[in-house]
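Data file: query-v1.txt. Format and content: compact mmCIF, C-alpha atoms.
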```txt
# COMPACT_ATOMS: atom_id res chain seq x y z
CA ASN M 1 2.96 -2.43 7.45
CA LEU M 2 -0.64 -3.00 6.40
CA SER M 3 -2.53 -1.73 3.36
CA ILE M 4 -6.14 -0.92 2.50
CA ALA M 5 -7.34 -0.02 -0.99
CA ILE M 6 -10.82 0.78 -2.25
CA ASP M 7 -12.27 0.95 -5.76
CA ASP M 8 -15.77 0.29 -7.10
CA SER M 9 -14.36 -1.29 -10.31
CA LYS M 10 -13.68 -5.04 -10.30
CA ILE M 11 -10.86 -4.47 -12.79
CA GLN M 12 -9.24 -1.84 -10.60
CA ARG M 13 -9.57 -3.92 -7.43
CA LYS M 14 -7.62 -6.72 -9.13
CA LEU M 15 -5.03 -4.21 -10.24
CA MET M 16 -4.73 -2.75 -6.72
CA GLU M 17 -3.86 -6.16 -5.30
CA ARG M 18 -0.99 -6.44 -7.74
CA PHE M 19 0.04 -2.78 -7.28
CA LEU M 20 0.36 -3.24 -3.52
CA GLN M 21 2.35 -6.43 -3.98
CA TYR M 22 4.82 -4.66 -6.28
CA ALA M 23 5.05 -1.87 -3.71
CA GLY M 24 6.26 -4.44 -1.16
CA VAL M 25 3.09 -5.41 0.69
CA ARG M 26 2.34 -9.10 1.09
CA LYS M 27 -1.08 -10.40 0.07
CA GLU M 28 -2.04 -11.37 3.62
CA LYS M 29 -1.47 -7.74 4.68
CA CYS M 30 -3.67 -6.26 1.93
CA ILE M 31 -7.36 -5.47 2.20
CA VAL M 32 -9.13 -4.41 -1.00
CA LEU M 33 -12.64 -3.00 -0.63
CA GLY M 34 -15.33 -1.55 -2.88
CA LYS M 35 -17.31 -4.52 -4.18
CA ASN M 36 -20.63 -3.23 -2.80
CA THR M 37 -22.43 -0.23 -1.33
CA GLU M 38 -21.78 -1.33 2.25
CA GLU M 39 -18.00 -1.39 1.78
CA ILE M 40 -17.97 2.04 0.12
CA GLU M 41 -20.30 3.75 2.59
CA GLY M 42 -18.49 2.12 5.53
CA PHE M 43 -14.97 2.93 4.31
CA VAL M 44 -14.32 5.88 6.64
CA ASP M 45 -15.46 3.95 9.71
CA PHE M 46 -13.52 0.85 8.63
CA VAL M 47 -10.18 2.63 8.20
CA THR M 48 -10.60 4.66 11.39
CA ASP M 49 -11.41 1.55 13.43
CA PHE M 50 -8.60 -0.40 11.73
CA LEU M 51 -6.02 2.17 12.81
CA CYS M 52 -7.29 2.00 16.39
CA GLN M 53 -7.13 -1.81 16.34
CA HIS M 54 -3.52 -1.83 15.04
CA PRO M 55 -1.73 0.71 17.27
CA ASN M 56 1.77 -0.51 16.37
CA ASP M 57 1.41 -0.59 12.58
CA HIS M 58 1.70 1.93 9.78
CA ILE M 59 -1.27 1.83 7.42
CA PHE M 60 -0.95 2.50 3.69
CA VAL M 61 -4.29 3.51 2.10
CA ILE M 62 -5.16 4.04 -1.57
CA ALA M 63 -8.65 5.28 -2.46
CA ASP M 64 -10.20 5.75 -5.89
CA GLU M 65 -11.52 9.30 -6.22
CA ASN M 66 -14.89 8.42 -7.77
CA LEU M 67 -16.66 5.61 -5.92
CA ASP M 68 -20.01 4.88 -7.55
CA VAL M 69 -22.79 3.73 -5.21
CA VAL M 70 -25.89 2.26 -6.86
CA LEU M 71 -29.00 2.97 -4.82
CA ASP M 72 -31.47 1.32 -7.23
CA ASP M 73 -31.99 0.95 -10.98
CA ALA M 74 -32.69 4.65 -11.43
CA HIS M 75 -30.59 6.30 -8.73
CA HIS M 76 -26.97 6.38 -7.76
CA THR M 77 -24.50 8.62 -6.01
CA THR M 78 -20.76 9.15 -6.13
CA VAL M 79 -18.56 9.13 -3.04
CA SER M 80 -15.29 11.09 -3.23
CA GLY M 81 -12.30 9.04 -2.14
CA SER M 82 -10.27 12.14 -1.30
CA LEU M 83 -13.09 13.48 0.89
CA CYS M 84 -13.23 10.09 2.64
CA ILE M 85 -9.51 10.34 3.39
CA GLU M 86 -9.95 13.91 4.63
CA SER M 87 -12.71 12.68 6.99
CA ILE M 88 -10.51 9.86 8.24
CA ARG M 89 -7.61 12.23 8.95
CA LYS M 90 -9.90 14.59 10.88
CA ARG M 91 -11.21 11.76 13.06
CA LEU M 92 -7.77 10.54 14.09
CA LEU M 93 -5.64 11.78 16.95
CA PRO M 94 -2.31 13.33 15.85
CA GLY M 95 -0.36 10.24 16.90
CA GLN M 96 -2.70 8.00 14.91
CA GLU M 97 -2.62 10.19 11.83
CA LYS M 98 1.18 9.99 11.78
CA ARG M 99 0.88 6.24 11.20
CA LEU M 100 -1.25 6.77 8.09
CA LEU M 101 -0.12 7.28 4.50
CA ALA M 102 -3.33 7.86 2.52
CA LEU M 103 -3.26 8.48 -1.23
CA VAL M 104 -6.01 9.13 -3.76
CA ARG M 105 -5.97 7.57 -7.22
CA SER M 106 -7.76 9.21 -10.13
CA ALA M 107 -7.99 9.39 -13.91
CA ASN M 108 -8.44 13.18 -13.61
CA ASP M 109 -5.01 14.78 -13.48
CA SER M 110 -5.49 18.50 -14.15
CA SER M 111 -3.46 20.87 -11.98
CA ASN M 112 -6.63 21.98 -10.18
CA ASP M 113 -7.70 18.39 -9.48
CA VAL M 114 -4.27 17.42 -8.17
CA ALA M 115 -4.17 20.51 -5.93
CA VAL M 116 -7.48 19.46 -4.37
CA TYR M 117 -6.27 15.90 -3.88
CA ASN M 118 -3.06 17.08 -2.19
CA ALA M 119 -5.03 19.34 0.14
CA ARG M 120 -7.22 16.46 1.32
CA THR M 121 -4.77 13.55 1.28
CA HIS M 122 -1.05 12.77 1.54
CA GLY M 123 -0.63 12.52 -2.22
CA TYR M 124 -1.98 11.56 -5.63
CA LEU M 125 -1.45 8.51 -7.85
CA PRO M 126 -2.42 8.56 -11.55
CA LYS M 127 -4.21 5.72 -13.29
CA ALA M 128 -1.68 4.17 -15.66
CA PRO M 129 -0.64 0.74 -16.95
CA LEU M 130 0.84 -1.49 -14.26
CA GLN M 131 4.64 -1.51 -14.55
CA ARG M 132 6.35 -3.50 -11.83
CA ASP M 133 9.69 -1.68 -11.81
CA LYS M 134 8.14 1.80 -11.69
CA ILE M 135 5.79 1.31 -8.76
CA PRO M 136 8.41 1.73 -5.98
CA ASP M 137 9.57 4.93 -7.68
CA MET M 138 5.98 6.21 -7.61
CA VAL M 139 5.37 5.38 -3.95
CA ALA M 140 8.80 5.90 -2.37
CA PRO M 141 8.85 9.75 -2.61
CA LEU M 142 5.42 9.93 -0.96
CA TRP M 143 6.52 7.52 1.77
CA GLU M 144 9.77 9.40 2.37
CA LYS M 145 7.85 12.67 2.61
CA ARG M 146 5.89 11.25 5.55
CA TYR M 147 8.54 9.13 7.27
CA PRO M 148 12.32 8.99 7.80
CA ARG M 149 14.33 7.69 4.87
CA SER M 150 15.49 4.72 6.95
CA MET M 151 11.87 3.61 7.46
CA ALA M 152 11.15 3.97 3.75
CA LYS M 153 14.24 1.90 2.92
CA GLN M 154 13.07 -0.83 5.31
CA PHE M 155 9.60 -0.81 3.77
CA PHE M 156 10.81 -1.17 0.21
CA SER M 157 13.48 -3.71 1.07
CA SER M 158 10.61 -6.16 1.49
CA ARG M 159 9.58 -5.65 -2.12
CA ASN M 160 11.69 -8.45 -3.57
CA ASP M 161 10.36 -10.95 -1.05
CA ALA M 162 6.79 -9.90 -1.82
CA VAL M 163 7.33 -10.12 -5.57
CA ASP M 164 9.00 -13.51 -5.19
CA SER M 165 5.81 -14.77 -3.56
CA GLU M 166 3.57 -13.51 -6.38
CA ASP M 167 2.32 -17.00 -7.25
CA ALA M 168 0.86 -17.37 -3.76
CA GLY M 169 -2.68 -16.27 -4.52
CA PHE M 170 -2.08 -13.44 -6.99
CA GLU M 171 -3.28 -13.49 -10.57
CA SER M 172 -1.09 -12.95 -13.59
CA ASP M 173 0.35 -9.58 -14.57
CA ALA M 174 -2.38 -8.99 -17.16
CA VAL M 175 -4.94 -7.92 -14.58
CA THR M 176 -6.69 -5.59 -17.03
CA SER M 177 -7.68 -8.06 -19.72
CA PRO M 178 -9.51 -7.43 -23.01
CA SER M 179 -12.43 -9.55 -21.80
CA ASP M 180 -12.72 -7.43 -18.61
CA LEU M 181 -12.86 -4.27 -20.71
CA MET M 182 -15.38 -5.76 -23.09
CA GLN M 183 -17.63 -6.52 -20.15
CA SER M 184 -17.52 -2.84 -19.15
CA ILE M 185 -18.26 -1.79 -22.73
CA ARG M 186 -21.13 -4.28 -22.91
CA THR M 187 -22.67 -2.87 -19.73
CA ILE M 188 -22.69 0.69 -21.08
CA ASP M 189 -23.89 -0.42 -24.51
CA GLY M 190 -26.78 -2.31 -22.94
CA ILE M 191 -27.87 0.78 -21.03
CA VAL M 192 -27.65 3.01 -24.09
CA SER M 193 -29.54 0.50 -26.27
CA ASP M 194 -32.35 -0.10 -23.79
CA LEU M 195 -33.17 3.48 -22.79
CA THR M 196 -35.23 6.06 -24.59
CA GLU M 197 -33.87 9.56 -25.16
CA GLU M 198 -35.90 10.81 -22.19
CA ASP M 199 -34.53 8.05 -19.97
CA LEU M 200 -30.98 8.80 -21.10
CA VAL M 201 -31.48 12.41 -20.04
CA MET M 202 -32.79 11.37 -16.62
CA ARG M 203 -30.03 8.82 -16.01
CA TRP M 204 -27.13 10.78 -17.48
CA SER M 205 -25.22 11.10 -14.20
CA MET M 206 -25.19 7.32 -13.79
CA ILE M 207 -24.12 6.79 -17.41
CA TRP M 208 -21.35 9.36 -17.03
CA GLU M 209 -19.97 7.58 -13.97
CA LYS M 210 -19.78 4.33 -15.96
CA LEU M 211 -18.03 6.14 -18.82
CA HIS M 212 -15.59 7.66 -16.34
CA ALA M 213 -14.90 4.20 -14.90
CA LEU M 214 -14.28 2.88 -18.41
CA LYS M 215 -11.81 5.72 -18.96
CA GLY M 216 -9.88 4.71 -15.85
CA ASP M 217 -9.84 1.07 -16.93
CA MET M 218 -8.56 2.01 -20.39
CA LEU M 219 -5.79 4.13 -18.87
CA THR M 220 -4.55 1.13 -16.87
CA PHE M 221 -4.72 -1.11 -19.95
CA GLY M 222 -2.29 0.81 -22.16
CA ALA M 223 -0.83 4.15 -23.18
CA GLY M 224 -0.95 4.14 -26.98
CA GLU M 225 -2.59 6.62 -29.32
CA ASP M 226 -5.74 4.47 -29.57
CA ILE M 227 -6.15 4.64 -25.78
CA ARG M 228 -5.60 8.41 -25.80
CA GLN M 229 -8.32 8.79 -28.44
CA VAL M 230 -10.80 6.85 -26.30
CA VAL M 231 -9.94 8.98 -23.26
CA TYR M 232 -10.26 12.18 -25.29
CA GLN M 233 -13.66 11.19 -26.65
CA ILE M 234 -14.97 10.23 -23.20
CA ASN M 235 -13.71 13.51 -21.73
CA SER M 236 -15.56 15.40 -24.48
CA LEU M 237 -18.85 14.05 -23.11
CA GLY M 238 -18.29 15.47 -19.62
CA GLY M 239 -20.92 17.83 -18.29
CA PRO M 240 -24.07 18.05 -16.17
CA SER M 241 -26.48 17.02 -18.96
CA LEU M 242 -26.75 14.50 -21.79
CA PRO M 243 -24.53 15.66 -24.66
CA THR M 244 -25.88 16.30 -28.15
CA ASP M 245 -25.80 13.21 -30.39
CA PHE M 246 -24.77 11.06 -27.45
CA VAL M 247 -25.77 7.71 -28.98
CA GLU M 248 -23.71 8.34 -32.12
CA ARG M 249 -20.76 9.55 -30.06
CA TRP M 250 -20.95 6.51 -27.81
CA THR M 251 -20.93 4.26 -30.89
CA LYS M 252 -17.70 5.94 -31.97
CA ILE M 253 -16.17 5.49 -28.51
CA ARG M 254 -17.17 1.83 -28.47
CA THR M 255 -15.56 1.24 -31.86
CA LEU M 256 -12.36 3.03 -30.80
CA ALA M 257 -12.23 1.11 -27.53
CA GLU M 258 -12.68 -2.25 -29.25
CA ALA M 259 -9.87 -1.40 -31.63
CA ALA M 260 -7.64 -0.19 -28.80
CA ILE M 261 -7.97 -3.45 -26.86
CA GLY M 262 -7.35 -5.54 -29.95
CA ILE M 263 -10.87 -6.81 -30.48
CA GLU M 264 -12.47 -6.02 -33.82
CA ALA M 265 -16.24 -5.66 -34.03
CA GLY M 266 -16.55 -9.24 -35.26
CA ASP M 267 -17.22 -12.69 -33.94
CA GLU M 268 -15.26 -12.30 -30.67
CA ALA M 269 -17.03 -9.08 -29.71
CA ARG M 270 -20.45 -10.45 -30.69
CA SER M 271 -19.85 -13.56 -28.58
CA LEU M 272 -19.91 -11.35 -25.47
CA TYR M 273 -23.30 -9.80 -26.29
```
Produce C-alpha cells that represent the structure in this file.
Amino acid sequence: NLSIAIDDSKIQRKLMERFLQYAGVRKEKCIVLGKNTEEIEGFVDFVTDFLCQHPNDHIFVIADENLDVVLDDAHHTTVSGSLCIESIRKRLLPGQEKRLLALVRSANDSSNDVAVYNARTHGYLPKAPLQRDKIPDMVAPLWEKRYPRSMAKQFFSSRNDAVDSEDAGFESDAVTSPSDLMQSIRTIDGIVSDLTEEDLVMRWSMIWEKLHALKGDMLTFGAGEDIRQVVYQINSLGGPSLPTDFVERWTKIRTLAEAAIGIEAGDEARSLY
C-alpha cells in the first residue's frame, strides 16, 4: 500500500510523515506534498496519474482542507482539499476508485463541516496531537469501511515493522516544536506590524488563512486549556472582513500562544525576531 499526503504547512507535512508511519506505512512508500504552488495546484492530476501508474496497489490519501496558494505579495487563494478529493474520485473509473481511500484533515470540526467532508471524501480526520497508539484506532474503522476486515488486518499488521524502522529517516516524535510554532507566530506578527490599517483590510483573507494555519498547528501541539483559549480567540476573528480592534486582539492571541507553547515573552522569544 502506498500513501500520499498534502499540506501547505511545513509543520503539518512533518507531522504527516510520522502519522503515516504510525499508521503502518513505510517511509519509502510515503509521498508528502504541499511545499509550493505547483504541488498544490497539480495535486488532482498527480494523484489521478499515480493511481493509473500503480494498478495493483491501494492508495491511501490524506489532504488538508485549506491549502493556501500564494500568487504574489498581495494575492492568494485557498484550494479545498475535500474538493480536490471529490475531483479525483470523479475522474477515476469505478475499479480505480475502489483502490483509493481518501481522507480530509481539518481543524474545523462542526457537524456541518464534517457532513460536507464525508460527502466529498471517504472520511474525516481531526487535527490533534500526535499519539502513536491512537492512530491505528483512528484509521482502522475508515479502512474497514472501504475494504474487507482481512485486508485491514493485513495493512495494520505492518505497523509494528514500520514503527520499528522509525530511525530510518524519520525525525523525533516532537514534530510540532515550540520553535516551529514561534516561526509561524513571527510571520503573522511581521505582517501585522508592517501593514497599515488600510492594507490590513485589503489583505485580510491572506491574514486569516495564516491564522487558520496557526490554529491547526496549535491543535497538533497540545490539548490543554491554554491551547483551547488560543483556538477560541482565533475562531472569534473569523469572517469576511477585518475584525474590529484586530491588532489588539492579535496581540492577545500572540501572548496566549507563547504561553501555551512554554515560551514567555522574554529573551527566547525576542531572539527569534
Name the closest residue to Gly216 (chain M) among the candidates M:Arg228, M:Arg249, M:Arg186, M:Lys134; distances are taken between atoms, counting all atoms listed in the file. M:Arg228
Take CA of Trp250 (chain M) and CA of Asp64 (chain M) and report the distance between them in Å, one decimal. 24.4 Å
Residues within 7 Å of region 102-107 of chain M, all atoms listed in the file, excluding chain neighbours under 4 positions, as a PyMOL selection string: chain M and resi 60-65+81-82+85+117+121-127+216
Students should find that CA of Trp208 (chain M) and CA of Ile31 (chain M) are spaced 28.0 Å
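Of the listed residues M:Pro136, M:Gly190, M:Gly262, M:Pro148, the one whose atoms come nearest to Ala23 (chain M) is M:Pro136, with distances taken using all atoms listed in the file.
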Can you tell me which residues surround Ser184 (chain M) at a distance of at most 12 Å, considering only C-alpha atoms, apart from same-chain residues fewer than 5 positions away, and format the answer as a PDB file with C-alpha atoms, in the coordinates of the input?
```
ATOM      1  CA  SER M   9     -14.360  -1.290 -10.310  1.00  0.00           C
ATOM      2  CA  LYS M  10     -13.680  -5.040 -10.300  1.00  0.00           C
ATOM      3  CA  ILE M  11     -10.860  -4.470 -12.790  1.00  0.00           C
ATOM      4  CA  GLN M  12      -9.240  -1.840 -10.600  1.00  0.00           C
ATOM      5  CA  THR M 176      -6.690  -5.590 -17.030  1.00  0.00           C
ATOM      6  CA  SER M 177      -7.680  -8.060 -19.720  1.00  0.00           C
ATOM      7  CA  PRO M 178      -9.510  -7.430 -23.010  1.00  0.00           C
ATOM      8  CA  SER M 179     -12.430  -9.550 -21.800  1.00  0.00           C
ATOM      9  CA  ASP M 189     -23.890  -0.420 -24.510  1.00  0.00           C
ATOM     10  CA  GLY M 190     -26.780  -2.310 -22.940  1.00  0.00           C
ATOM     11  CA  ILE M 191     -27.870   0.780 -21.030  1.00  0.00           C
ATOM     12  CA  ILE M 207     -24.120   6.790 -17.410  1.00  0.00           C
ATOM     13  CA  GLU M 209     -19.970   7.580 -13.970  1.00  0.00           C
ATOM     14  CA  LYS M 210     -19.780   4.330 -15.960  1.00  0.00           C
ATOM     15  CA  LEU M 211     -18.030   6.140 -18.820  1.00  0.00           C
ATOM     16  CA  HIS M 212     -15.590   7.660 -16.340  1.00  0.00           C
ATOM     17  CA  ALA M 213     -14.900   4.200 -14.900  1.00  0.00           C
ATOM     18  CA  LEU M 214     -14.280   2.880 -18.410  1.00  0.00           C
ATOM     19  CA  LYS M 215     -11.810   5.720 -18.960  1.00  0.00           C
ATOM     20  CA  GLY M 216      -9.880   4.710 -15.850  1.00  0.00           C
ATOM     21  CA  ASP M 217      -9.840   1.070 -16.930  1.00  0.00           C
ATOM     22  CA  MET M 218      -8.560   2.010 -20.390  1.00  0.00           C
ATOM     23  CA  ARG M 254     -17.170   1.830 -28.470  1.00  0.00           C
ATOM     24  CA  ALA M 257     -12.230   1.110 -27.530  1.00  0.00           C
ATOM     25  CA  GLU M 258     -12.680  -2.250 -29.250  1.00  0.00           C
ATOM     26  CA  LEU M 272     -19.910 -11.350 -25.470  1.00  0.00           C
ATOM     27  CA  TYR M 273     -23.300  -9.800 -26.290  1.00  0.00           C
TER      28      TYR M 273
END
```
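Point (-10.9, 2.1, 15.2) has the following residues at most 12 Å away: Phe43, Val44, Asp45, Phe46, Val47, Thr48, Asp49, Phe50, Leu51, Cys52, Gln53, His54, Pro55, Ile88, Arg91, Leu92, Leu93 and Gln96 of chain M (atoms considered: all atoms listed in the file).
In terms of minimum interatomic distance to Ala140 (chain M), M:Leu101 ranks closest within M:Val247, M:Val70, M:Leu101, M:Leu200, counting all atoms listed in the file.
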Could you check how far CA of Ile59 (chain M) sits from CA of Ser80 (chain M), in Å to one decimal? 19.9 Å
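Candidate residues M:Cys30, M:Leu67, M:Gly95, M:Asp57 were compared for distance to Asp7 (chain M), and the nearest is M:Leu67, using only C-alpha atoms.
Each of M:Asn118, M:Ser3, M:Ser205, M:Ser110 was compared to Lys29 (chain M) using only C-alpha atoms, and M:Ser3 turns out to be the nearest.
Minimum atom-to-atom distance to Leu2 (chain M), evaluated using all atoms listed in the file, belongs to M:Asn56 out of M:Asn56, M:Thr196, M:Ser111, M:Asn235.
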Within 6 Å of Ile6 (chain M), counting only C-alpha atoms, which residues qualify if same-chain residues fewer than 4 places away don't, as a PDB file with C-alpha atoms, in the frame of the given file?
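The resulting file, around-v9.pdb, is reproduced below:
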```pdb
ATOM      1  CA  VAL M  32      -9.130  -4.410  -1.000  1.00  0.00           C
ATOM      2  CA  LEU M  33     -12.640  -3.000  -0.630  1.00  0.00           C
ATOM      3  CA  GLY M  34     -15.330  -1.550  -2.880  1.00  0.00           C
ATOM      4  CA  ALA M  63      -8.650   5.280  -2.460  1.00  0.00           C
TER       5      ALA M  63
END
```
